[in-house]
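S.K.: Sharing query38.txt (compact mmCIF, C-alpha atoms) below.
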```
# COMPACT_ATOMS: atom_id res chain seq x y z
CA MET A 1 9.54 -1.26 -28.01
CA SER A 2 6.04 -2.55 -27.34
CA VAL A 3 3.38 -0.88 -25.25
CA LYS A 4 0.45 -2.57 -23.59
CA SER A 5 -2.15 -0.31 -22.08
CA ASP A 6 -5.44 -1.41 -20.57
CA SER A 7 -6.65 1.86 -19.10
CA ASP A 8 -5.61 5.27 -18.10
CA GLY A 9 -5.64 5.73 -14.38
CA ASN A 10 -6.46 9.42 -14.27
CA GLY A 11 -9.11 9.82 -16.95
CA THR A 12 -6.92 12.10 -19.06
CA GLY A 13 -5.80 9.53 -21.59
CA GLN A 14 -2.42 9.48 -19.89
CA PRO A 15 -1.73 6.34 -17.85
CA SER A 16 -0.91 7.20 -14.22
CA ASN A 17 1.29 4.20 -13.52
CA VAL A 18 3.55 2.68 -16.17
CA LEU A 19 5.86 -0.32 -15.78
CA VAL A 20 9.04 -0.10 -17.87
CA LEU A 21 10.59 -3.47 -18.69
CA ALA A 22 14.20 -3.40 -19.84
CA SER A 23 17.20 -5.64 -20.02
CA ALA A 24 20.47 -4.13 -18.78
CA ALA A 25 21.82 -4.51 -22.31
CA ASP A 26 19.16 -2.24 -23.82
CA GLY A 27 20.14 1.31 -24.64
CA CYS A 28 16.73 2.94 -24.90
CA GLU A 29 15.71 2.97 -21.23
CA ALA A 30 16.92 6.56 -20.85
CA ALA A 31 14.77 7.65 -23.80
CA ALA A 32 11.72 5.96 -22.28
CA CYS A 33 12.41 7.61 -18.94
CA ARG A 34 12.66 10.99 -20.65
CA GLU A 35 9.46 10.49 -22.60
CA LEU A 36 7.50 9.33 -19.56
CA SER A 37 8.79 12.23 -17.49
CA GLU A 38 7.64 14.86 -19.96
CA THR A 39 3.90 14.56 -19.43
CA THR A 40 4.30 17.90 -17.80
CA HIS A 41 7.49 19.63 -18.82
CA PRO A 42 10.04 18.90 -16.06
CA ALA A 43 10.91 22.58 -15.84
CA ARG A 44 7.41 23.16 -14.46
CA SER A 45 7.01 20.01 -12.39
CA HIS A 46 8.02 18.35 -9.17
CA VAL A 47 10.09 15.27 -9.96
CA VAL A 48 10.42 12.55 -7.34
CA LEU A 49 13.23 10.09 -7.95
CA ALA A 50 13.08 6.90 -5.89
CA THR A 51 16.44 5.15 -5.89
CA GLY A 52 17.72 1.83 -4.59
CA LEU A 53 21.09 0.59 -5.78
CA GLN A 54 22.21 4.00 -7.03
CA SER A 55 23.18 6.68 -4.56
CA PRO A 56 21.20 9.94 -4.70
CA ARG A 57 24.18 11.64 -6.34
CA GLU A 58 24.38 8.97 -9.08
CA ARG A 59 20.65 9.06 -9.54
CA LEU A 60 20.61 12.82 -10.08
CA ALA A 61 23.54 12.60 -12.48
CA ASP A 62 21.68 9.93 -14.49
CA TRP A 63 18.54 12.06 -14.56
CA GLU A 64 20.56 14.94 -15.93
CA ASP A 65 22.10 12.70 -18.60
CA ASP A 66 18.81 10.98 -19.50
CA VAL A 67 16.35 13.86 -19.41
CA GLY A 68 18.57 16.89 -19.55
CA VAL A 69 16.06 19.31 -18.05
CA ARG A 70 16.28 20.53 -14.47
CA PRO A 71 12.89 20.11 -12.71
CA ALA A 72 11.31 23.05 -10.91
CA GLU A 73 11.49 20.92 -7.75
CA THR A 74 13.39 17.70 -7.13
CA THR A 75 13.05 15.15 -4.35
CA VAL A 76 15.19 12.03 -4.12
CA VAL A 77 13.88 9.20 -1.96
CA ASP A 78 16.84 7.01 -1.12
CA LEU A 79 16.03 3.43 -0.12
CA ALA A 80 18.99 1.55 1.32
CA THR A 81 19.47 -1.90 -0.22
CA ALA A 82 21.24 -5.05 0.88
CA THR A 83 24.34 -3.96 -1.03
CA ARG A 84 24.25 -0.21 -0.36
CA SER A 85 23.42 1.60 2.87
CA ALA A 86 21.30 4.71 2.76
CA ALA A 87 23.50 7.74 3.22
CA ALA A 88 21.78 8.23 6.58
CA SER A 89 23.75 5.37 8.05
CA THR A 90 27.05 6.92 7.05
CA GLY A 91 26.51 10.13 8.91
CA THR A 92 24.66 12.25 6.38
CA PRO A 93 21.57 13.93 7.83
CA SER A 94 18.49 11.77 7.22
CA THR A 95 16.74 14.60 5.45
CA GLY A 96 18.16 17.60 3.78
CA THR A 97 19.01 19.54 0.71
CA GLY A 98 22.19 20.06 -1.26
CA VAL A 99 23.13 16.45 -2.01
CA SER A 100 25.50 17.71 -4.62
CA ASP A 101 26.91 21.05 -5.66
CA ARG A 102 25.20 20.60 -8.99
CA TRP A 103 21.81 20.07 -7.32
CA PRO A 104 21.77 22.49 -4.38
CA ASP A 105 17.97 22.57 -4.22
CA ALA A 106 17.29 18.83 -4.34
CA THR A 107 15.67 17.44 -1.23
CA VAL A 108 16.86 13.98 -0.19
CA GLU A 109 14.91 11.63 2.08
CA HIS A 110 16.45 8.41 3.35
CA VAL A 111 14.67 5.15 4.13
CA GLU A 112 16.18 2.12 5.85
CA ALA A 113 16.61 -1.12 3.87
CA GLY A 114 13.45 -3.18 3.76
CA ASP A 115 11.26 -0.47 5.33
CA LEU A 116 8.55 -0.43 2.69
CA LEU A 117 6.07 1.20 5.07
CA GLY A 118 8.54 4.05 5.59
CA LEU A 119 9.19 4.20 1.84
CA GLY A 120 5.47 4.42 1.14
CA GLU A 121 4.89 7.18 3.66
CA THR A 122 7.94 9.13 2.42
CA LEU A 123 6.82 8.84 -1.21
CA ASP A 124 3.32 9.83 -0.19
CA ALA A 125 4.59 12.97 1.52
CA ALA A 126 6.63 13.79 -1.60
CA LEU A 127 3.66 13.17 -3.91
CA GLY A 128 1.50 15.54 -1.90
CA GLY A 129 4.27 17.97 -1.03
CA SER A 130 4.04 20.34 -3.96
CA ASP A 131 1.42 22.37 -5.80
CA ARG A 132 3.11 21.47 -9.08
CA SER A 133 2.36 18.43 -11.22
CA THR A 134 4.33 15.54 -9.80
CA THR A 135 6.21 12.87 -11.71
CA LEU A 136 7.60 9.86 -9.87
CA CYS A 137 10.36 7.67 -11.33
CA VAL A 138 11.05 4.47 -9.36
CA ARG A 139 14.38 2.89 -10.22
CA SER A 140 13.90 0.23 -9.57
CA VAL A 141 11.33 -2.39 -8.71
CA SER A 142 14.22 -4.86 -9.02
CA ASP A 143 15.93 -3.07 -6.11
CA LEU A 144 12.77 -3.47 -4.01
CA LEU A 145 12.82 -7.18 -4.76
CA GLN A 146 16.30 -7.39 -3.22
CA SER A 147 14.96 -6.84 0.26
CA ALA A 148 11.41 -8.17 0.12
CA ASP A 149 9.63 -11.12 -1.47
CA VAL A 150 7.48 -10.68 -4.55
CA GLU A 151 4.21 -10.83 -2.59
CA THR A 152 5.26 -8.01 -0.25
CA VAL A 153 6.50 -5.90 -3.17
CA PHE A 154 3.23 -6.60 -5.00
CA ARG A 155 1.18 -5.39 -2.03
CA PHE A 156 3.41 -2.33 -1.63
CA LEU A 157 3.09 -1.41 -5.31
CA GLU A 158 -0.68 -1.82 -5.22
CA ALA A 159 -0.80 0.76 -2.43
CA LEU A 160 1.74 3.06 -4.13
CA THR A 161 0.04 3.03 -7.55
CA ARG A 162 -3.26 3.74 -5.80
CA ASN A 163 -1.75 6.71 -3.98
CA VAL A 164 -0.15 8.08 -7.17
CA ASP A 165 -3.64 8.05 -8.71
CA ARG A 166 -5.10 9.82 -5.71
CA ALA A 167 -2.39 12.48 -5.80
CA ASP A 168 -3.12 13.07 -9.53
CA GLY A 169 0.53 12.26 -10.21
CA VAL A 170 2.13 10.19 -12.92
CA ALA A 171 4.71 7.53 -12.22
CA HIS A 172 6.85 5.01 -14.00
CA TYR A 173 8.65 2.06 -12.51
CA HIS A 174 11.74 0.43 -13.97
CA LEU A 175 12.13 -3.35 -13.81
CA ASN A 176 15.28 -5.12 -14.97
CA THR A 177 14.04 -8.28 -16.64
CA ASP A 178 17.49 -9.89 -16.56
CA VAL A 179 17.21 -10.71 -12.88
CA HIS A 180 13.59 -11.90 -12.57
CA ASP A 181 11.70 -14.82 -14.03
CA THR A 182 8.81 -14.26 -16.42
CA GLU A 183 6.25 -15.22 -13.77
CA THR A 184 7.46 -12.53 -11.39
CA VAL A 185 7.35 -9.90 -14.13
CA GLU A 186 3.87 -10.91 -15.29
CA THR A 187 2.54 -11.11 -11.73
CA LEU A 188 3.62 -7.53 -11.03
CA ALA A 189 2.52 -6.23 -14.44
CA VAL A 190 -1.21 -6.48 -13.57
CA LEU A 191 -0.79 -3.55 -11.17
CA PHE A 192 -0.02 -0.99 -13.87
CA ASP A 193 -2.15 1.01 -16.32
CA ALA A 194 0.39 0.35 -19.06
CA VAL A 195 3.54 -1.72 -19.64
CA VAL A 196 6.33 -0.45 -21.88
CA ASP A 197 8.52 -3.33 -22.99
CA LEU A 198 11.92 -2.17 -24.21
CA ARG A 199 13.42 -5.60 -24.69
CA GLU A 200 14.57 -6.44 -28.18
CA GLY A 201 12.20 -8.68 -30.11
CA GLU A 202 9.25 -7.86 -27.83
CA GLY A 203 7.14 -6.24 -30.52
CA ALA A 204 7.18 -3.45 -33.01
CA ASP A 205 8.19 0.07 -32.16
CA VAL A 206 5.29 2.25 -31.11
CA MET B 1 -28.57 -12.14 29.53
CA THR B 2 -26.70 -14.66 27.45
CA ALA B 3 -22.95 -14.53 27.59
CA CYS B 4 -22.55 -14.24 23.83
CA ARG B 5 -25.26 -12.86 21.62
CA GLN B 6 -25.23 -13.04 17.83
CA GLY B 7 -27.49 -10.73 15.94
CA GLY B 8 -28.28 -8.02 13.46
CA ASP B 9 -28.63 -7.79 9.73
CA ALA B 10 -25.18 -9.06 9.04
CA ARG B 11 -23.07 -7.71 6.24
CA PRO B 12 -21.35 -10.91 5.14
CA GLY B 13 -17.79 -11.27 6.35
CA GLN B 14 -17.87 -8.29 8.65
CA VAL B 15 -18.06 -9.60 12.17
CA VAL B 16 -17.44 -7.28 15.11
CA LEU B 17 -16.75 -8.50 18.61
CA VAL B 18 -17.69 -6.17 21.48
CA ALA B 19 -16.35 -6.73 25.00
CA ASP B 20 -16.56 -3.91 27.51
CA SER B 21 -16.11 -4.48 31.23
CA ASP B 22 -19.63 -3.17 31.78
CA PRO B 23 -22.34 -5.38 30.16
CA ALA B 24 -24.60 -2.34 29.75
CA VAL B 25 -21.95 -0.54 27.71
CA THR B 26 -21.34 -3.70 25.68
CA ASP B 27 -25.07 -3.82 24.93
CA GLU B 28 -25.20 -0.14 23.98
CA ILE B 29 -22.31 -0.51 21.53
CA ALA B 30 -23.66 -3.75 20.11
CA ASP B 31 -27.08 -2.14 19.53
CA ALA B 32 -25.48 0.77 17.70
CA LEU B 33 -23.66 -1.58 15.33
CA ARG B 34 -26.41 -4.13 14.68
CA GLY B 35 -27.91 -3.79 11.25
CA HIS B 36 -24.53 -2.79 9.89
CA TYR B 37 -22.39 -5.68 11.08
CA ASP B 38 -22.73 -9.17 12.47
CA VAL B 39 -22.17 -8.30 16.13
CA ARG B 40 -20.93 -10.63 18.84
CA ALA B 41 -21.41 -9.13 22.30
CA VAL B 42 -19.33 -10.87 24.96
CA ASP B 43 -19.74 -10.58 28.72
CA SER B 44 -18.11 -13.61 30.28
CA ASP B 45 -14.35 -14.14 30.40
CA GLU B 46 -14.82 -17.74 29.31
CA ASP B 47 -16.50 -16.65 26.08
CA LEU B 48 -14.03 -13.90 25.28
CA LEU B 49 -11.45 -16.15 23.65
CA THR B 50 -13.81 -18.76 22.24
CA THR B 51 -15.82 -16.07 20.43
CA LEU B 52 -12.75 -14.86 18.58
CA ASP B 53 -12.35 -16.74 15.32
CA GLU B 54 -11.14 -16.03 11.80
CA ASP B 55 -14.45 -14.43 10.81
CA VAL B 56 -13.97 -11.52 13.23
CA SER B 57 -12.80 -8.34 11.43
CA ALA B 58 -12.81 -5.91 14.35
CA VAL B 59 -12.76 -6.12 18.14
CA LEU B 60 -13.89 -3.37 20.50
CA LEU B 61 -12.25 -4.21 23.81
CA ASP B 62 -12.05 -2.58 27.21
CA PRO B 63 -8.33 -2.87 28.00
CA THR B 64 -9.09 -2.98 31.74
CA ARG B 65 -11.38 -6.01 31.63
CA SER B 66 -10.03 -9.37 32.66
CA GLY B 67 -8.82 -11.50 29.78
CA ALA B 68 -7.97 -8.43 27.66
CA GLY B 69 -4.24 -9.20 27.62
CA GLU B 70 -4.82 -12.78 26.56
CA LEU B 71 -7.09 -11.62 23.74
CA LEU B 72 -4.46 -9.14 22.56
CA ASP B 73 -1.89 -11.95 22.53
CA ARG B 74 -4.17 -13.95 20.24
CA LEU B 75 -4.81 -10.93 18.01
CA ALA B 76 -1.09 -10.16 17.69
CA THR B 77 -0.68 -13.16 15.41
CA ASP B 78 -3.74 -12.34 13.31
CA ALA B 79 -3.40 -9.61 10.67
CA ASP B 80 -6.96 -10.21 9.55
CA CYS B 81 -8.41 -8.50 12.60
CA ARG B 82 -8.15 -4.97 14.03
CA VAL B 83 -8.73 -3.96 17.62
CA ALA B 84 -9.91 -0.71 19.20
CA ALA B 85 -9.63 0.18 22.88
CA LEU B 86 -12.77 1.32 24.67
CA VAL B 87 -11.43 4.08 26.91
CA GLU B 88 -12.82 6.62 29.35
CA ASP B 89 -10.37 9.29 28.23
CA ARG B 90 -8.74 9.60 24.79
CA ARG B 91 -5.45 10.44 26.47
CA GLU B 92 -5.55 7.21 28.48
CA SER B 93 -2.45 5.14 27.87
CA VAL B 94 -3.22 1.77 26.27
CA ASP B 95 -1.27 -1.22 25.01
CA GLU B 96 0.47 -0.42 21.71
CA ARG B 97 -1.19 -3.40 20.10
CA PHE B 98 -4.46 -1.48 19.91
CA ASP B 99 -5.02 0.03 16.46
CA GLU B 100 -7.44 2.69 17.60
CA ARG B 101 -9.35 4.11 20.58
CA VAL B 102 -13.04 4.74 21.07
CA ARG B 103 -13.96 7.05 23.92
CA LYS B 104 -16.85 6.23 26.24
CA PRO B 105 -19.62 7.19 26.36
CA VAL B 106 -19.60 6.34 22.68
CA SER B 107 -20.97 8.61 19.99
CA ARG B 108 -22.80 6.43 17.49
CA SER B 109 -21.39 8.26 14.48
CA ALA B 110 -17.80 8.12 15.77
CA LEU B 111 -18.23 4.45 16.65
CA LYS B 112 -19.53 3.54 13.19
CA ALA B 113 -16.79 5.57 11.49
CA THR B 114 -14.10 3.78 13.50
CA VAL B 115 -15.54 0.30 12.97
CA ASP B 116 -16.04 1.00 9.26
CA ARG B 117 -12.42 2.07 8.92
CA LEU B 118 -11.08 -0.97 10.79
CA CYS B 119 -13.25 -3.37 8.81
CA ARG B 120 -12.25 -1.73 5.51
CA CYS B 121 -8.56 -2.15 6.36
CA VAL B 122 -9.17 -5.86 6.93
CA ALA B 123 -11.32 -6.23 3.80
CA TYR B 124 -8.75 -4.36 1.65
CA ARG B 125 -5.95 -6.66 2.81
CA ASP B 126 -8.09 -9.73 2.28
CA ALA B 127 -8.90 -8.64 -1.28
CA LEU B 128 -5.24 -7.76 -1.86
CA ASP B 129 -4.12 -11.25 -0.82
CA ARG B 130 -6.62 -12.78 -3.26
CA TYR B 131 -5.52 -10.33 -5.96
CA PHE B 132 -1.89 -11.40 -5.58
CA ALA B 133 -2.75 -15.11 -5.62
CA LEU B 134 -4.86 -14.67 -8.76
CA SER B 135 -2.21 -12.55 -10.51
CA GLN B 136 0.38 -15.20 -9.74
CA THR B 137 -1.87 -17.95 -11.11
CA LEU B 138 -2.57 -15.93 -14.24
CA ALA B 139 1.16 -15.41 -14.76
CA THR B 140 1.71 -19.17 -15.01
CA LEU B 141 -0.84 -19.67 -17.79
CA ASP B 142 -0.02 -19.76 -21.49
CA GLU B 143 -1.39 -16.95 -23.66
CA ASP B 144 -3.96 -19.31 -25.21
CA ASP B 145 -4.98 -21.11 -22.02
CA PRO B 146 -8.78 -21.41 -21.91
CA GLN B 147 -8.82 -20.43 -18.20
CA ARG B 148 -7.27 -17.05 -18.94
CA GLU B 149 -10.49 -15.24 -19.86
CA ARG B 150 -12.33 -16.39 -16.73
CA LEU B 151 -9.43 -15.51 -14.44
CA THR B 152 -9.01 -12.11 -16.10
CA GLU B 153 -12.67 -11.37 -15.40
CA ARG B 154 -12.14 -12.32 -11.75
CA LEU B 155 -9.09 -10.07 -11.66
CA ASP B 156 -11.15 -7.14 -12.97
CA ALA B 157 -13.82 -7.80 -10.34
CA LEU B 158 -11.16 -7.87 -7.63
CA GLU B 159 -9.73 -4.56 -8.84
CA ALA B 160 -13.19 -3.01 -8.51
CA GLU B 161 -13.50 -4.52 -5.02
CA LEU B 162 -10.11 -3.07 -4.02
CA ASP B 163 -11.13 0.38 -5.31
CA ASP B 164 -14.44 0.28 -3.51
CA THR B 165 -13.05 -1.03 -0.22
CA SER B 166 -10.11 1.35 -0.01
CA ALA B 167 -11.83 4.51 -1.29
CA PRO B 168 -12.51 6.12 2.12
CA LEU B 169 -9.19 4.98 3.66
CA ASP B 170 -6.30 7.44 3.85
CA SER B 171 -2.94 6.51 2.39
CA VAL B 172 -1.41 5.64 5.78
CA ASP B 173 -4.18 3.09 6.37
CA VAL B 174 -3.73 1.71 2.86
CA TYR B 175 0.02 1.17 3.33
CA ASP B 176 -0.48 -0.23 6.82
CA ALA B 177 -3.10 -2.70 5.63
CA ALA B 178 -1.02 -3.72 2.60
CA LEU B 179 2.21 -4.25 4.53
CA ARG B 180 1.17 -5.54 7.94
CA GLN B 181 2.99 -8.75 8.84
CA GLN B 182 0.81 -11.83 9.16
```
What would you get if you wrote out this structure as C-alpha cells?

M.R.:
Amino acid sequence: MSVKSDSDGNGTGQPSNVLVLASAADGCEAAACRELSETTHPARSHVVLATGLQSPRERLADWEDDVGVRPAETTVVDLATATRSAAASTGTPSTGTGVSDRWPDATVEHVEAGDLLGLGETLDAALGGSDRSTTLCVRSVSDLLQSADVETVFRFLEALTRNVDRADGVAHYHLNTDVHDTETVETLAVLFDAVVDLREGEGADV
Amino acid sequence: MTACRQGGDARPGQVVLVADSDPAVTDEIADALRGHYDVRAVDSDEDLLTTLDEDVSAVLLDPTRSGAGELLDRLATDADCRVAALVEDRRESVDERFDERVRKPVSRSALKATVDRLCRCVAYRDALDRYFALSQTLATLDEDDPQRERLTERLDALEAELDDTSAPLDSVDVYDAALRQQ
C-alpha cells in the first residue's frame, strides 16, 4: 500500500478527504476502510455510508464485516445507479429507519440516479446532522462515474470535499481502478488531501 | 442620460448589469454598486440585449420591464451569469429563472450582499472549470515532464482562488454553482 499526502485538510494532522484506490482483486480494501473510519472510534461517532451499486442492506452488512463496530449513529445515503434503482422507486419510503432488523436505528436517505445536486444536499444534511464526530465513506466514486461524466463528478467532489472540511468531518472515497483509465484517476486525485493506493506493486507498505 | 453607462472602479471580471423599469431606480442601484463592480446601467430596450455579453456576472432586472423575458431567455443558456429580480414585494411571484430577489427600495447593504453572493457563485464555477481543465492536463503528463512543476504551481494558485471565492458561500450555493448545467 502506498500513501501520498500533500496536506491535512483540517489542521489536525489528519487528512479530511482521502481517496482510496483499489483493484477489485485486492483484499485489503476492507482493512483500509476500517483504519480510515477509526479516526474517532465508530462507537462514539456518526458514520455516513454513501452507496451506489450496493443496496443499503448490503452496504451495512459490508460495514459490519469490514469494521465490526456498530457506530453510535448510522446514516446510509442510497444513490440509485443505472443498474440498480434506489429503494425509493420500489415502494420503500424515501426516508426512514429500520432498513434491516440488524440495523433498526440506521437512517436511510434515497437519491435518484444522476441527481448529484440532491446527493450533495443529502450528504450535507447528514454531515451537519449530528453533534458527534462524523465519518463519511463513499463507495464508490466509480458508481458516480456510471451516471455522470468525469468533469461533472470532479465538480461534485470538489464541492463535497469542501463541505466535509467545513463540517469538520473526515471522509474517504473508494475508487475501483479496474474500470477507469489512469488519466481519470489522476485527474480526480488532485481533489483529495491524501491518496491511499492499495494496488499491488504501487509502492511499499506504509 | 445615456442609454448605457459604464463606470466605477471595476473589479476585473465582475460586471453587473442593472435594468430597472424606472431609470431613477436603475441609477440609484448603479451608484450603490460603483466602486465595487464594473456597472452597466441600461435604460433603453434596444440596449438591454446588446449590453449582455460573456463578461457580465450578475444581472439585476425588473421582471416587469419590457424585454425582460427575452433577456431571461438569453440568460437561460448561460451558466456564467446569475440574475436577481428587482421586486416591490418579496412575496411577489417571479419567473423561476431568477436566482434571487432584491426588494425595492433597495438597502445598500442587502444589495451588495446579494450581488457579492451571485458574483462569487459565478467566479467559483469559473475557477472550478479551469481547475478541472488543468487537472486533466496534468494527468496526461509524464512524471518527469518539465511542464509539471509550472502546472502544479498554477493548480495550487487555483486551489487558493477556489477557497477564497467560495468561503462566504453556503453549501447549497457551492453545490448549485458546481453542478449547474451550461

S.K.: When you count all atoms listed in the file, which of these residues is closest to chain B: A:Phe192, A:Trp103, A:Trp63, A:Tyr173?

M.R.: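 Using all atoms listed in the file, the shortest distance to chain B belongs to A:Phe192.
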
S.K.: I need every residue sitting at most 12 Å from the point (0.0, 19.2, -3.0) (coordinates as in the file, only C-alpha atoms considered), written as an MDAnalysis selection string.

M.R.: chainID A and resid 45:46 124:134 164 166:169

S.K.: Chain A near chain B within 7 Å: what's each residue's closest atom pair and its distance in Å to one decimal, counting only C-alpha atoms, ordered by chain then ascending residue number, as a Markdown table?

M.R.:
```
| residue | atom | partner | partner_atom | distance |
| --- | --- | --- | --- | --- |
| A:Leu117 | CA | B:Tyr175 | CA | 6.3 |
| A:Gly120 | CA | B:Tyr175 | CA | 6.7 |
| A:Glu121 | CA | B:Val172 | CA | 6.8 |
| A:Glu151 | CA | B:Phe132 | CA | 6.8 |
| A:Thr152 | CA | B:Leu179 | CA | 6.8 |
| A:Arg155 | CA | B:Ala178 | CA | 5.4 |
| A:Phe156 | CA | B:Ala178 | CA | 6.3 |
| A:Ala159 | CA | B:Tyr175 | CA | 5.8 |
| A:Asn163 | CA | B:Ser171 | CA | 6.5 |
| A:Glu183 | CA | B:Ala139 | CA | 5.2 |
| A:Glu186 | CA | B:Ala139 | CA | 5.3 |
| A:Thr187 | CA | B:Gln136 | CA | 5.0 |
| A:Val190 | CA | B:Ser135 | CA | 6.9 |
```

S.K.: What's the separation between atom CA of Arg108 of chain B and atom CA of Val18 of chain B, in Å to one decimal place?

M.R.: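 Interatomic distance here is 14.2 Å.
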
S.K.: Taking all atoms listed in the file into account, which of A:Ser147, A:Thr135, A:Thr177, A:Thr107 comes nearest Cys33 of chain A?

M.R.: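 Between A:Ser147, A:Thr135, A:Thr177, A:Thr107, the residue approaching Cys33 of chain A most closely is A:Thr135.
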
S.K.: Please provide the set of residues having any atom within 9 Å of Ala24 of chain A, restricted to all atoms listed in the file, with same-chain residues fewer than 5 positions apart removed, written as a VMD selection string.

M.R.: chain A and resid 29 176 to 178

S.K.: Between B:Ala41, B:Glu96, B:Asp20, B:Arg150, which residue has the minimum interatomic distance to Gly67 of chain B, considering all atoms listed in the file?

M.R.: B:Asp20

S.K.: So the first atom is atom CA of Pro56 of chain A and the second is atom CA of Leu198 of chain A; what is the distance between them in Å, to one decimal place?

M.R.: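 Atom CA of Pro56 of chain A sits 24.8 Å away from atom CA of Leu198 of chain A.
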
S.K.: If we count all atoms listed in the file and set the cut-off at 7 Å, which residues sit around Val111 of chain A, ignoring sequence neighbours fewer than 4 positions away in its own chain? Please answer as a compact mmCIF listing (two decimals) with C-alpha atoms, keeping the file's coordinate frame.

M.R.:
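Wrote part-v3.txt, looks like this:
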```txt
# COMPACT_ATOMS: atom_id res chain seq x y z
CA ASP A 78 16.84 7.01 -1.12
CA LEU A 79 16.03 3.43 -0.12
CA ALA A 80 18.99 1.55 1.32
CA ALA A 86 21.30 4.71 2.76
CA ASP A 115 11.26 -0.47 5.33
CA GLY A 118 8.54 4.05 5.59
CA LEU A 119 9.19 4.20 1.84
```

S.K.: Tell me, as a ChimeraX atom specification, which residues lie within 9 Å of segment 51-59 of chain B, counting all atoms listed in the file; anything in the same chain fewer than 4 positions away does not count.

M.R.: /B:4,13-19,40,42,47,71,74-75,78,80-85,115,118-120,122-123

S.K.: Can you tell me how far atom CA of Thr75 of chain A sits from atom CA of Pro15 of chain A, in Å to one decimal?

M.R.: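 Separation of atom CA of Thr75 of chain A and atom CA of Pro15 of chain A: 21.9 Å.
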
S.K.: Using only C-alpha atoms for the distances, tell me which of A:Ala43, A:Thr83, A:Leu191, A:Asp65 is nearest to Arg162 of chain A.

M.R.: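 With only C-alpha atoms as the atom set, the closest residue is A:Leu191.
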
S.K.: Got a sec: who's within 9 Å of Arg65 of chain B, counting only C-alpha atoms, leaving out chain neighbours fewer than 2 positions off, as a PyMOL selection string?

M.R.: chain B and resi 19-22+45+61-63+67-69

S.K.: Give me segment 146-160 of chain B with N, CA and C atoms filled in, as a PDB file, keeping the file's coordinate frame.

M.R.:
```pdb
ATOM      1  N   PRO B 146      -7.350 -21.724 -21.976  1.00  0.00           N
ATOM      2  CA  PRO B 146      -8.780 -21.410 -21.910  1.00  0.00           C
ATOM      3  C   PRO B 146      -9.223 -20.800 -20.569  1.00  0.00           C
ATOM      4  N   GLN B 147      -8.444 -21.006 -19.514  1.00  0.00           N
ATOM      5  CA  GLN B 147      -8.820 -20.430 -18.200  1.00  0.00           C
ATOM      6  C   GLN B 147      -8.562 -18.926 -18.121  1.00  0.00           C
ATOM      7  N   ARG B 148      -7.746 -18.430 -19.053  1.00  0.00           N
ATOM      8  CA  ARG B 148      -7.270 -17.050 -18.940  1.00  0.00           C
ATOM      9  C   ARG B 148      -8.414 -16.031 -18.905  1.00  0.00           C
ATOM     10  N   GLU B 149      -9.399 -16.222 -19.776  1.00  0.00           N
ATOM     11  CA  GLU B 149     -10.490 -15.240 -19.860  1.00  0.00           C
ATOM     12  C   GLU B 149     -11.265 -15.166 -18.543  1.00  0.00           C
ATOM     13  N   ARG B 150     -11.563 -16.344 -17.981  1.00  0.00           N
ATOM     14  CA  ARG B 150     -12.330 -16.390 -16.730  1.00  0.00           C
ATOM     15  C   ARG B 150     -11.535 -15.741 -15.589  1.00  0.00           C
ATOM     16  N   LEU B 151     -10.244 -16.062 -15.524  1.00  0.00           N
ATOM     17  CA  LEU B 151      -9.430 -15.510 -14.440  1.00  0.00           C
ATOM     18  C   LEU B 151      -9.231 -14.001 -14.614  1.00  0.00           C
ATOM     19  N   THR B 152      -9.154 -13.547 -15.855  1.00  0.00           N
ATOM     20  CA  THR B 152      -9.010 -12.110 -16.100  1.00  0.00           C
ATOM     21  C   THR B 152     -10.268 -11.362 -15.643  1.00  0.00           C
ATOM     22  N   GLU B 153     -11.420 -11.979 -15.878  1.00  0.00           N
ATOM     23  CA  GLU B 153     -12.670 -11.370 -15.400  1.00  0.00           C
ATOM     24  C   GLU B 153     -12.676 -11.278 -13.874  1.00  0.00           C
ATOM     25  N   ARG B 154     -12.197 -12.341 -13.228  1.00  0.00           N
ATOM     26  CA  ARG B 154     -12.140 -12.320 -11.750  1.00  0.00           C
ATOM     27  C   ARG B 154     -11.166 -11.248 -11.272  1.00  0.00           C
ATOM     28  N   LEU B 155     -10.071 -11.096 -12.018  1.00  0.00           N
ATOM     29  CA  LEU B 155      -9.090 -10.070 -11.660  1.00  0.00           C
ATOM     30  C   LEU B 155      -9.706  -8.676 -11.752  1.00  0.00           C
ATOM     31  N   ASP B 156     -10.485  -8.432 -12.807  1.00  0.00           N
ATOM     32  CA  ASP B 156     -11.150  -7.140 -12.970  1.00  0.00           C
ATOM     33  C   ASP B 156     -12.128  -6.885 -11.821  1.00  0.00           C
ATOM     34  N   ALA B 157     -12.856  -7.947 -11.441  1.00  0.00           N
ATOM     35  CA  ALA B 157     -13.820  -7.800 -10.340  1.00  0.00           C
ATOM     36  C   ALA B 157     -13.094  -7.489  -9.037  1.00  0.00           C
ATOM     37  N   LEU B 158     -11.934  -8.129  -8.852  1.00  0.00           N
ATOM     38  CA  LEU B 158     -11.160  -7.870  -7.630  1.00  0.00           C
ATOM     39  C   LEU B 158     -10.604  -6.448  -7.611  1.00  0.00           C
ATOM     40  N   GLU B 159     -10.215  -5.945  -8.768  1.00  0.00           N
ATOM     41  CA  GLU B 159      -9.730  -4.560  -8.840  1.00  0.00           C
ATOM     42  C   GLU B 159     -10.836  -3.594  -8.430  1.00  0.00           C
ATOM     43  N   ALA B 160     -12.053  -3.873  -8.893  1.00  0.00           N
ATOM     44  CA  ALA B 160     -13.190  -3.010  -8.510  1.00  0.00           C
ATOM     45  C   ALA B 160     -13.437  -3.116  -7.003  1.00  0.00           C
TER      46      ALA B 160
END
```
